[in-house]
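Enquirer: As input, take protein14.cif (mmCIF, C-alpha atoms):
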```cif
data_input
#
loop_
_atom_site.label_atom_id
_atom_site.label_comp_id
_atom_site.auth_asym_id
_atom_site.auth_seq_id
_atom_site.Cartn_x
_atom_site.Cartn_y
_atom_site.Cartn_z
CA MET A 940 -12.95 -72.56 -14.16
CA THR A 941 -9.19 -72.84 -13.92
CA GLU A 942 -6.97 -69.96 -12.87
CA ASN A 943 -6.07 -67.36 -15.49
CA THR A 944 -8.99 -68.09 -17.77
CA LEU A 945 -10.99 -65.22 -19.13
CA ASN A 946 -14.64 -65.50 -19.99
CA GLU A 947 -14.99 -64.73 -23.68
CA ILE A 948 -18.63 -63.74 -23.38
CA ILE A 949 -18.04 -61.21 -20.62
CA HIS A 950 -14.69 -59.98 -21.90
CA ALA A 951 -16.14 -57.98 -24.83
CA PRO A 952 -15.90 -54.30 -23.71
CA ASN A 953 -19.60 -53.44 -23.83
CA ARG A 954 -20.67 -56.69 -22.20
CA LEU A 955 -18.05 -56.18 -19.49
CA ARG A 956 -19.48 -52.72 -18.85
CA ILE A 957 -23.02 -54.09 -18.78
CA CYS A 958 -21.99 -56.64 -16.14
CA ALA A 959 -20.16 -53.95 -14.14
CA LEU A 960 -23.25 -51.74 -14.18
CA LEU A 961 -25.54 -54.63 -13.25
CA SER A 962 -23.28 -55.93 -10.47
CA GLY A 963 -24.55 -53.36 -7.95
CA PRO A 964 -28.28 -52.77 -8.27
CA LEU A 965 -31.00 -55.39 -8.20
CA GLU A 966 -32.26 -54.40 -11.65
CA LEU A 967 -31.58 -51.68 -14.19
CA GLN A 968 -33.85 -50.36 -16.87
CA PHE A 969 -32.83 -50.78 -20.51
CA ARG A 970 -32.76 -46.99 -20.97
CA VAL A 971 -30.28 -46.56 -18.08
CA LEU A 972 -27.92 -49.10 -19.64
CA LYS A 973 -28.31 -47.41 -23.01
CA ASN A 974 -27.51 -43.98 -21.57
CA GLU A 975 -24.53 -45.20 -19.59
CA LEU A 976 -23.00 -47.15 -22.46
CA ASP A 977 -23.90 -44.51 -25.04
CA VAL A 978 -24.87 -47.10 -27.65
CA SER A 979 -27.89 -47.57 -29.89
CA ASN A 980 -30.87 -49.73 -28.96
CA SER A 981 -29.89 -52.39 -31.49
CA VAL A 982 -26.30 -52.64 -30.28
CA LEU A 983 -27.40 -52.92 -26.66
CA SER A 984 -30.07 -55.48 -27.54
CA LYS A 985 -27.49 -57.58 -29.34
CA HIS A 986 -25.16 -57.63 -26.34
CA LEU A 987 -28.01 -58.34 -23.93
CA LYS A 988 -29.14 -61.25 -26.07
CA VAL A 989 -25.66 -62.79 -25.93
CA LEU A 990 -25.58 -62.45 -22.15
CA GLU A 991 -29.14 -63.73 -21.79
CA HIS A 992 -28.42 -66.71 -24.01
CA ALA A 993 -25.45 -67.58 -21.75
CA GLY A 994 -27.73 -67.36 -18.72
CA TYR A 995 -25.79 -64.43 -17.26
CA ILE A 996 -28.64 -61.93 -17.20
CA VAL A 997 -32.40 -62.02 -16.82
CA ILE A 998 -34.64 -59.69 -18.81
CA HIS A 999 -38.14 -58.79 -17.63
CA LYS A 1000 -40.65 -56.70 -19.53
CA ARG A 1001 -43.31 -55.10 -17.35
CA LYS A 1002 -46.01 -52.51 -17.69
CA GLU A 1003 -45.21 -49.71 -15.25
CA PHE A 1004 -46.17 -46.06 -14.95
CA GLY A 1005 -48.31 -46.28 -18.08
CA GLY A 1006 -45.73 -47.81 -20.40
CA ASP A 1007 -43.64 -50.87 -21.14
CA ARG A 1008 -40.39 -51.04 -19.18
CA THR A 1009 -37.58 -53.50 -19.76
CA TRP A 1010 -35.64 -54.40 -16.62
CA VAL A 1011 -32.34 -56.24 -16.74
CA SER A 1012 -30.62 -58.01 -13.86
CA LEU A 1013 -27.55 -60.15 -13.39
CA SER A 1014 -28.35 -63.79 -12.62
CA SER A 1015 -26.46 -65.66 -9.90
CA LYS A 1016 -24.63 -67.55 -12.64
CA GLY A 1017 -23.72 -64.23 -14.27
CA ARG A 1018 -22.58 -62.77 -10.95
CA LYS A 1019 -20.29 -65.75 -10.33
CA ALA A 1020 -18.92 -65.57 -13.87
CA PHE A 1021 -18.35 -61.82 -13.57
CA HIS A 1022 -16.44 -62.14 -10.29
CA ALA A 1023 -14.43 -65.07 -11.67
CA HIS A 1024 -13.60 -62.91 -14.68
CA ILE A 1025 -12.39 -60.09 -12.42
CA ASP A 1026 -10.20 -62.56 -10.54
CA ALA A 1027 -8.78 -63.81 -13.83
CA LEU A 1028 -8.06 -60.25 -14.96
CA ARG A 1029 -6.33 -59.53 -11.66
CA GLU A 1030 -4.18 -62.60 -12.11
CA VAL A 1031 -3.21 -61.43 -15.57
CA VAL A 1032 -2.03 -58.05 -14.29
CA ASN A 1033 -0.64 -59.62 -11.08
CA LEU A 1034 -2.71 -57.51 -8.71
CA MET B 243 -17.30 -72.31 -26.41
CA ASP B 244 -17.78 -69.91 -23.50
CA ILE B 245 -14.33 -69.93 -22.03
CA ILE B 246 -11.10 -69.00 -23.75
CA GLN B 247 -7.73 -70.20 -22.48
CA THR B 248 -5.43 -67.75 -24.26
CA PRO B 249 -3.88 -65.15 -21.94
CA THR B 250 -4.90 -61.58 -22.63
CA GLU B 251 -2.29 -58.91 -22.89
CA ILE B 252 -1.58 -57.14 -19.62
CA GLU B 253 -2.56 -53.76 -20.98
CA GLY B 254 -5.88 -55.12 -22.17
CA ALA B 255 -6.56 -56.65 -18.77
CA LYS B 256 -5.65 -53.39 -17.04
CA GLN B 257 -8.04 -51.51 -19.30
CA SER B 258 -10.78 -54.05 -18.55
CA LEU B 259 -10.28 -53.63 -14.80
CA LYS B 260 -10.35 -49.87 -15.24
CA ASP B 261 -13.64 -50.20 -17.15
CA ILE B 262 -15.15 -52.37 -14.42
CA GLN B 263 -14.05 -49.88 -11.80
CA GLU B 264 -15.41 -46.91 -13.74
CA PHE B 265 -18.75 -48.41 -14.73
CA GLY B 266 -19.24 -50.16 -11.40
CA SER B 267 -19.12 -46.88 -9.53
CA ARG B 268 -20.79 -44.80 -12.24
CA LEU B 269 -24.33 -45.30 -10.92
CA SER B 270 -23.25 -44.24 -7.42
CA GLU B 271 -21.66 -41.10 -8.82
CA GLN B 272 -24.44 -40.07 -11.17
CA TYR B 273 -27.57 -41.03 -9.29
CA ARG B 274 -27.38 -39.41 -5.89
CA PRO B 275 -30.43 -38.55 -3.80
CA THR B 276 -31.12 -34.86 -3.29
CA LEU B 277 -29.19 -33.09 -0.55
CA LEU B 278 -32.48 -32.31 1.19
CA LEU B 279 -33.46 -35.99 1.35
CA THR B 280 -29.96 -36.93 2.55
CA LEU B 281 -30.09 -34.33 5.32
CA PHE B 282 -33.65 -35.35 6.21
CA MET B 283 -32.63 -39.01 6.58
CA GLY B 284 -29.64 -37.99 8.68
CA ALA B 285 -31.83 -35.81 10.89
CA CYS B 286 -34.32 -38.66 11.36
CA GLN B 287 -31.57 -41.04 12.44
CA ALA B 288 -30.17 -38.39 14.79
CA SER B 289 -33.67 -37.84 16.19
CA ILE B 290 -34.05 -41.57 16.94
CA THR B 291 -30.64 -41.67 18.64
CA MET B 292 -31.24 -38.52 20.65
CA GLY B 293 -34.79 -39.54 21.50
CA TYR B 294 -33.80 -42.97 22.79
CA GLY B 295 -30.90 -41.51 24.71
CA MET B 296 -32.98 -38.87 26.44
CA THR B 297 -36.28 -40.69 26.95
CA GLU B 298 -37.44 -40.75 30.56
CA HIS B 299 -40.77 -42.54 30.91
CA GLU B 300 -43.07 -40.51 28.65
CA ASN B 301 -41.30 -37.22 28.16
CA ASP B 302 -41.20 -35.39 24.82
CA TRP B 303 -38.07 -37.19 23.68
CA ALA B 304 -40.10 -40.35 23.20
CA MET B 305 -42.16 -38.40 20.68
CA ALA B 306 -38.95 -37.31 18.91
CA MET B 307 -37.94 -40.95 18.64
CA VAL B 308 -41.30 -41.93 17.13
CA ILE B 309 -41.26 -39.02 14.70
CA GLY B 310 -37.71 -39.90 13.70
CA ALA B 311 -38.70 -43.51 13.07
CA ILE B 312 -41.71 -42.51 10.95
CA GLY B 313 -39.57 -40.00 9.05
CA SER B 314 -36.93 -42.66 8.39
CA VAL B 315 -39.47 -45.08 6.96
CA LEU B 316 -41.05 -42.37 4.77
CA GLY B 317 -37.61 -41.19 3.66
CA LEU B 318 -36.57 -44.72 2.80
CA LEU B 319 -39.73 -45.25 0.74
CA LEU B 320 -39.19 -41.97 -1.10
CA TYR B 321 -35.54 -42.89 -1.64
CA THR B 322 -36.42 -46.27 -3.12
CA TYR B 323 -39.24 -44.83 -5.24
CA THR B 324 -36.99 -42.04 -6.59
CA PHE B 325 -34.38 -44.55 -7.74
CA ARG B 326 -37.06 -46.75 -9.26
CA LEU B 327 -38.35 -43.81 -11.31
CA LEU B 328 -34.78 -43.26 -12.48
CA GLY B 329 -34.67 -46.88 -13.66
CA ILE B 330 -32.64 -48.39 -10.83
CA LYS B 331 -34.06 -51.02 -8.52
CA LEU B 332 -32.08 -51.00 -5.30
CA PRO B 333 -30.86 -54.20 -3.67
CA ILE B 334 -32.85 -55.10 -0.54
CA VAL B 335 -30.58 -57.90 0.63
CA PRO B 336 -26.84 -58.26 0.07
CA ARG B 337 -25.89 -60.63 -2.72
CA ASP B 338 -22.14 -60.97 -2.29
CA SER B 339 -19.59 -60.77 0.49
CA ARG B 340 -18.70 -57.13 -0.23
CA SER B 341 -22.35 -56.06 -0.05
CA LEU B 342 -22.85 -58.17 3.07
CA LYS B 343 -19.95 -56.40 4.79
CA PHE B 344 -21.42 -53.05 3.78
CA PHE B 345 -24.92 -53.91 5.05
CA VAL B 346 -23.58 -55.30 8.34
CA GLY B 347 -21.35 -52.25 8.76
CA VAL B 348 -24.21 -49.81 8.16
CA ALA B 349 -26.59 -51.76 10.42
CA THR B 350 -24.00 -51.83 13.22
CA ALA B 351 -23.10 -48.18 12.80
CA SER B 352 -26.82 -47.32 12.93
CA VAL B 353 -27.72 -49.35 16.01
CA VAL B 354 -24.65 -48.92 18.24
CA PRO B 355 -24.96 -45.12 18.71
CA ILE B 356 -28.67 -45.51 19.61
CA PHE B 357 -27.96 -47.86 22.52
CA ALA B 358 -24.69 -46.14 23.43
CA ALA B 359 -26.54 -42.82 23.78
CA ARG B 360 -28.83 -44.18 26.47
CA HIS B 361 -26.36 -46.33 28.36
CA LEU B 362 -23.64 -43.68 28.46
CA ARG B 363 -26.14 -41.10 29.74
CA LEU B 364 -27.26 -43.48 32.47
CA LEU B 365 -23.60 -43.88 33.40
CA GLY B 366 -23.43 -40.14 33.95
CA LEU B 367 -22.23 -38.81 30.60
CA THR B 368 -24.91 -36.14 30.17
CA TYR B 369 -23.97 -35.13 26.66
CA ALA B 370 -23.54 -38.66 25.29
CA PRO B 371 -26.93 -38.58 23.46
CA HIS B 372 -25.94 -35.32 21.77
CA ALA B 373 -22.60 -36.73 20.65
CA CYS B 374 -24.20 -40.00 19.49
CA ALA B 375 -26.90 -38.07 17.59
CA VAL B 376 -24.23 -36.09 15.75
CA LEU B 377 -22.37 -39.34 15.04
CA SER B 378 -25.57 -40.92 13.65
CA PHE B 379 -26.24 -37.89 11.47
CA VAL B 380 -22.71 -37.89 10.05
CA MET B 381 -22.81 -41.66 9.48
CA VAL B 382 -26.09 -41.54 7.54
CA VAL B 383 -25.09 -38.53 5.45
CA TYR B 384 -21.69 -40.04 4.68
CA SER B 385 -23.03 -43.48 3.72
CA MET B 386 -25.78 -41.93 1.56
CA HIS B 387 -23.17 -39.78 -0.15
CA ARG B 388 -20.54 -42.49 -0.57
CA TYR B 389 -22.87 -45.35 -1.44
CA PRO B 390 -26.07 -43.54 -2.50
CA ALA B 391 -27.87 -46.57 -3.81
CA GLY B 392 -26.38 -49.02 -1.35
CA ILE B 393 -24.33 -50.16 -4.30
CA VAL B 394 -20.87 -51.47 -3.50
CA PRO B 395 -18.81 -51.59 -6.73
CA ALA B 396 -17.05 -54.86 -7.57
CA ILE B 397 -13.81 -52.86 -7.62
CA GLU B 398 -13.56 -49.77 -5.42
CA PRO B 399 -12.17 -46.65 -7.16
CA LYS B 400 -9.32 -46.46 -4.61
CA ASP B 401 -8.07 -49.89 -5.81
CA ASP B 402 -6.63 -48.34 -8.94
#
```
Take the structure from the file and write it as structure tokens.
Expert:
Amino acid sequence: MTENTLNEIIHAPNRLRICALLSGPLELQFRVLKNELDVSNSVLSKHLKVLEHAGYIVIHKRKEFGGDRTWVSLSSKGRKAFHAHIDALREVVNL
Amino acid sequence: MDIIQTPTEIEGAKQSLKDIQEFGSRLSEQYRPTLLLTLFMGACQASITMGYGMTEHENDWAMAMVIGAIGSVLGLLLYTYTFRLLGIKLPIVPRDSRSLKFFVGVATASVVPIFAARHLRLLGLTYAPHACAVLSFVMVVYSMHRYPAGIVPAIEPKDD
């Protein structure tokens, strides 16, 4: 990626927030992302699909504590893209 | 096409950075362990430090060290399990340079007072284990409060 290029996939506000939330923990549950973003299931699913299709996140569905749980994590490709995007944003605002 | 080349407006970029900063630290702010667990973990670390500093052959301080170690492991398991129930799986190993610095810093700050307590006491500083135990307690409580899930945000709030 050249300097000053923004990643179109990550740059969408909700997807940027998803990446920011996922950048710290190993995995987050779908419901945590939904609560933090304050969006509907369908909207969140749509954004996650875009990120998953780009290879930026990994989605696992597991049976835990007597129910189905969806866990989402940032892939190494997604982590690199996210940090590159932050660098690009910093260049734009000359930080 | 994944990448766009057009420059974004400065205000938009600033807002994006603000969003990253806010959402990156949101989990740390909203999902803190209970005060009791934080104090318990701090007390366990202080107990290990004090115990190692004061141990003479098989006196009771050795027991304090063992109890502190067992308490730390149990506390850590409870800590991890609590976050998992909340829907957050904590990172075990650092995955970027910022996290690595944090992990190395915490590991160093945890180990140094333990050895310092003993060696300074042997050098004649009688109250060194007490001081190091207090230091360990403060360090654990502070790090659990500041970075409750061991999560280091991509952009620290103070950067704004």
Enquirer: Any chance you could work out the residue set of the PyMOL selection byres ((chain A) within 8 of (chain B)) here, as a PyMOL selection string?
Expert: chain A and resi 943-948+950+952+955-956+959-968+970-971+1022+1025+1028-1029+1031-1032
Enquirer: How would the residues just chosen look if you wrote them out with C-alpha atoms as a short mmCIF file (atom, residue, chain, number, x, y, z; two decimals), in the coordinates of the input?
Expert:
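out11.cif written:
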```cif
data_model
loop_
_atom_site.label_atom_id
_atom_site.label_comp_id
_atom_site.auth_asym_id
_atom_site.auth_seq_id
_atom_site.Cartn_x
_atom_site.Cartn_y
_atom_site.Cartn_z
CA ASN A 943 -6.07 -67.36 -15.49
CA THR A 944 -8.99 -68.09 -17.77
CA LEU A 945 -10.99 -65.22 -19.13
CA ASN A 946 -14.64 -65.50 -19.99
CA GLU A 947 -14.99 -64.73 -23.68
CA ILE A 948 -18.63 -63.74 -23.38
CA HIS A 950 -14.69 -59.98 -21.90
CA PRO A 952 -15.90 -54.30 -23.71
CA LEU A 955 -18.05 -56.18 -19.49
CA ARG A 956 -19.48 -52.72 -18.85
CA ALA A 959 -20.16 -53.95 -14.14
CA LEU A 960 -23.25 -51.74 -14.18
CA LEU A 961 -25.54 -54.63 -13.25
CA SER A 962 -23.28 -55.93 -10.47
CA GLY A 963 -24.55 -53.36 -7.95
CA PRO A 964 -28.28 -52.77 -8.27
CA LEU A 965 -31.00 -55.39 -8.20
CA GLU A 966 -32.26 -54.40 -11.65
CA LEU A 967 -31.58 -51.68 -14.19
CA GLN A 968 -33.85 -50.36 -16.87
CA ARG A 970 -32.76 -46.99 -20.97
CA VAL A 971 -30.28 -46.56 -18.08
CA HIS A 1022 -16.44 -62.14 -10.29
CA ILE A 1025 -12.39 -60.09 -12.42
CA LEU A 1028 -8.06 -60.25 -14.96
CA ARG A 1029 -6.33 -59.53 -11.66
CA VAL A 1031 -3.21 -61.43 -15.57
CA VAL A 1032 -2.03 -58.05 -14.29
#
```
Enquirer: Evaluating the PyMOL selection byres ((chain A and resi 980-991) around 9) on the displayed file yields which residues, as number ranges by chain?
Expert: A: 948-949, 953-954, 957, 969-970, 972-973, 976, 978-979, 992-998, 1011, 1017
Enquirer: With C-alpha atoms retained, write the just-selected residues as a short mmCIF file (atom, residue, chain, number, x, y, z; two decimals), in the coordinates of the input.
Expert:
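Output below, filename part-v2.cif:
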```
data_model
loop_
_atom_site.label_atom_id
_atom_site.label_comp_id
_atom_site.auth_asym_id
_atom_site.auth_seq_id
_atom_site.Cartn_x
_atom_site.Cartn_y
_atom_site.Cartn_z
CA ILE A 948 -18.63 -63.74 -23.38
CA ILE A 949 -18.04 -61.21 -20.62
CA ASN A 953 -19.60 -53.44 -23.83
CA ARG A 954 -20.67 -56.69 -22.20
CA ILE A 957 -23.02 -54.09 -18.78
CA PHE A 969 -32.83 -50.78 -20.51
CA ARG A 970 -32.76 -46.99 -20.97
CA LEU A 972 -27.92 -49.10 -19.64
CA LYS A 973 -28.31 -47.41 -23.01
CA LEU A 976 -23.00 -47.15 -22.46
CA VAL A 978 -24.87 -47.10 -27.65
CA SER A 979 -27.89 -47.57 -29.89
CA HIS A 992 -28.42 -66.71 -24.01
CA ALA A 993 -25.45 -67.58 -21.75
CA GLY A 994 -27.73 -67.36 -18.72
CA TYR A 995 -25.79 -64.43 -17.26
CA ILE A 996 -28.64 -61.93 -17.20
CA VAL A 997 -32.40 -62.02 -16.82
CA ILE A 998 -34.64 -59.69 -18.81
CA VAL A 1011 -32.34 -56.24 -16.74
CA GLY A 1017 -23.72 -64.23 -14.27
#
```
Enquirer: In Å, with one decimal, what is the gap from atom CA of B:Tyr273 to atom CA of B:Thr350?
Expert: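 Interatomic distance, atom CA of B:Tyr273 to atom CA of B:Thr350: 25.2 Å.
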Enquirer: What is the atom CA of B:His372 to atom CA of B:Gly293 distance in Å?
Expert: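 Between these atoms lies a distance of 9.8 Å.
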Enquirer: Between atom CA of A:Trp1010 and atom CA of A:Asn974, what is the distance in Å, rounded to a tenth?
Expert: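 We find that atom CA of A:Trp1010 and atom CA of A:Asn974 lie 14.1 Å from each other.
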Enquirer: Starting from the incomplete input, reconstruct N, CA and C atoms of stretch 991-1005 of chain A and write that as an mmCIF file, keeping the file's coordinate frame.
Expert:
```cif
data_model
loop_
_atom_site.group_PDB
_atom_site.id
_atom_site.type_symbol
_atom_site.label_atom_id
_atom_site.label_comp_id
_atom_site.auth_asym_id
_atom_site.auth_seq_id
_atom_site.Cartn_x
_atom_site.Cartn_y
_atom_site.Cartn_z
ATOM 1 N N GLU A 991 -27.940 -62.982 -22.201
ATOM 2 C CA GLU A 991 -29.140 -63.730 -21.790
ATOM 3 C C GLU A 991 -29.041 -65.179 -22.254
ATOM 4 N N HIS A 992 -28.563 -65.367 -23.456
ATOM 5 C CA HIS A 992 -28.420 -66.710 -24.010
ATOM 6 C C HIS A 992 -27.448 -67.548 -23.156
ATOM 7 N N ALA A 993 -26.431 -66.874 -22.611
ATOM 8 C CA ALA A 993 -25.450 -67.580 -21.750
ATOM 9 C C ALA A 993 -26.001 -67.795 -20.346
ATOM 10 N N GLY A 994 -27.137 -67.211 -20.059
ATOM 11 C CA GLY A 994 -27.730 -67.360 -18.720
ATOM 12 C C GLY A 994 -27.137 -66.402 -17.699
ATOM 13 N N TYR A 995 -26.450 -65.363 -18.179
ATOM 14 C CA TYR A 995 -25.790 -64.430 -17.260
ATOM 15 C C TYR A 995 -26.699 -63.288 -16.815
ATOM 16 N N ILE A 996 -27.704 -62.991 -17.605
ATOM 17 C CA ILE A 996 -28.640 -61.930 -17.200
ATOM 18 C C ILE A 996 -30.076 -62.424 -17.361
ATOM 19 N N VAL A 997 -30.973 -61.725 -16.701
ATOM 20 C CA VAL A 997 -32.400 -62.020 -16.820
ATOM 21 C C VAL A 997 -33.086 -60.737 -17.279
ATOM 22 N N ILE A 998 -33.936 -60.862 -18.293
ATOM 23 C CA ILE A 998 -34.640 -59.690 -18.810
ATOM 24 C C ILE A 998 -36.134 -59.831 -18.529
ATOM 25 N N HIS A 999 -36.700 -58.800 -17.906
ATOM 26 C CA HIS A 999 -38.140 -58.790 -17.630
ATOM 27 C C HIS A 999 -38.767 -57.591 -18.305
ATOM 28 N N LYS A 1000 -39.902 -57.833 -18.956
ATOM 29 C CA LYS A 1000 -40.650 -56.700 -19.530
ATOM 30 C C LYS A 1000 -41.918 -56.540 -18.720
ATOM 31 N N ARG A 1001 -42.134 -55.342 -18.192
ATOM 32 C CA ARG A 1001 -43.310 -55.100 -17.350
ATOM 33 C C ARG A 1001 -43.980 -53.806 -17.760
ATOM 34 N N LYS A 1002 -45.282 -53.760 -17.461
ATOM 35 C CA LYS A 1002 -46.010 -52.510 -17.690
ATOM 36 C C LYS A 1002 -45.958 -51.709 -16.388
ATOM 37 N N GLU A 1003 -45.339 -50.550 -16.453
ATOM 38 C CA GLU A 1003 -45.210 -49.710 -15.250
ATOM 39 C C GLU A 1003 -45.383 -48.254 -15.640
ATOM 40 N N PHE A 1004 -46.005 -47.502 -14.751
ATOM 41 C CA PHE A 1004 -46.170 -46.060 -14.950
ATOM 42 C C PHE A 1004 -46.707 -45.744 -16.350
ATOM 43 N N GLY A 1005 -47.643 -46.547 -16.815
ATOM 44 C CA GLY A 1005 -48.310 -46.280 -18.080
ATOM 45 C C GLY A 1005 -47.510 -46.628 -19.323
#
```
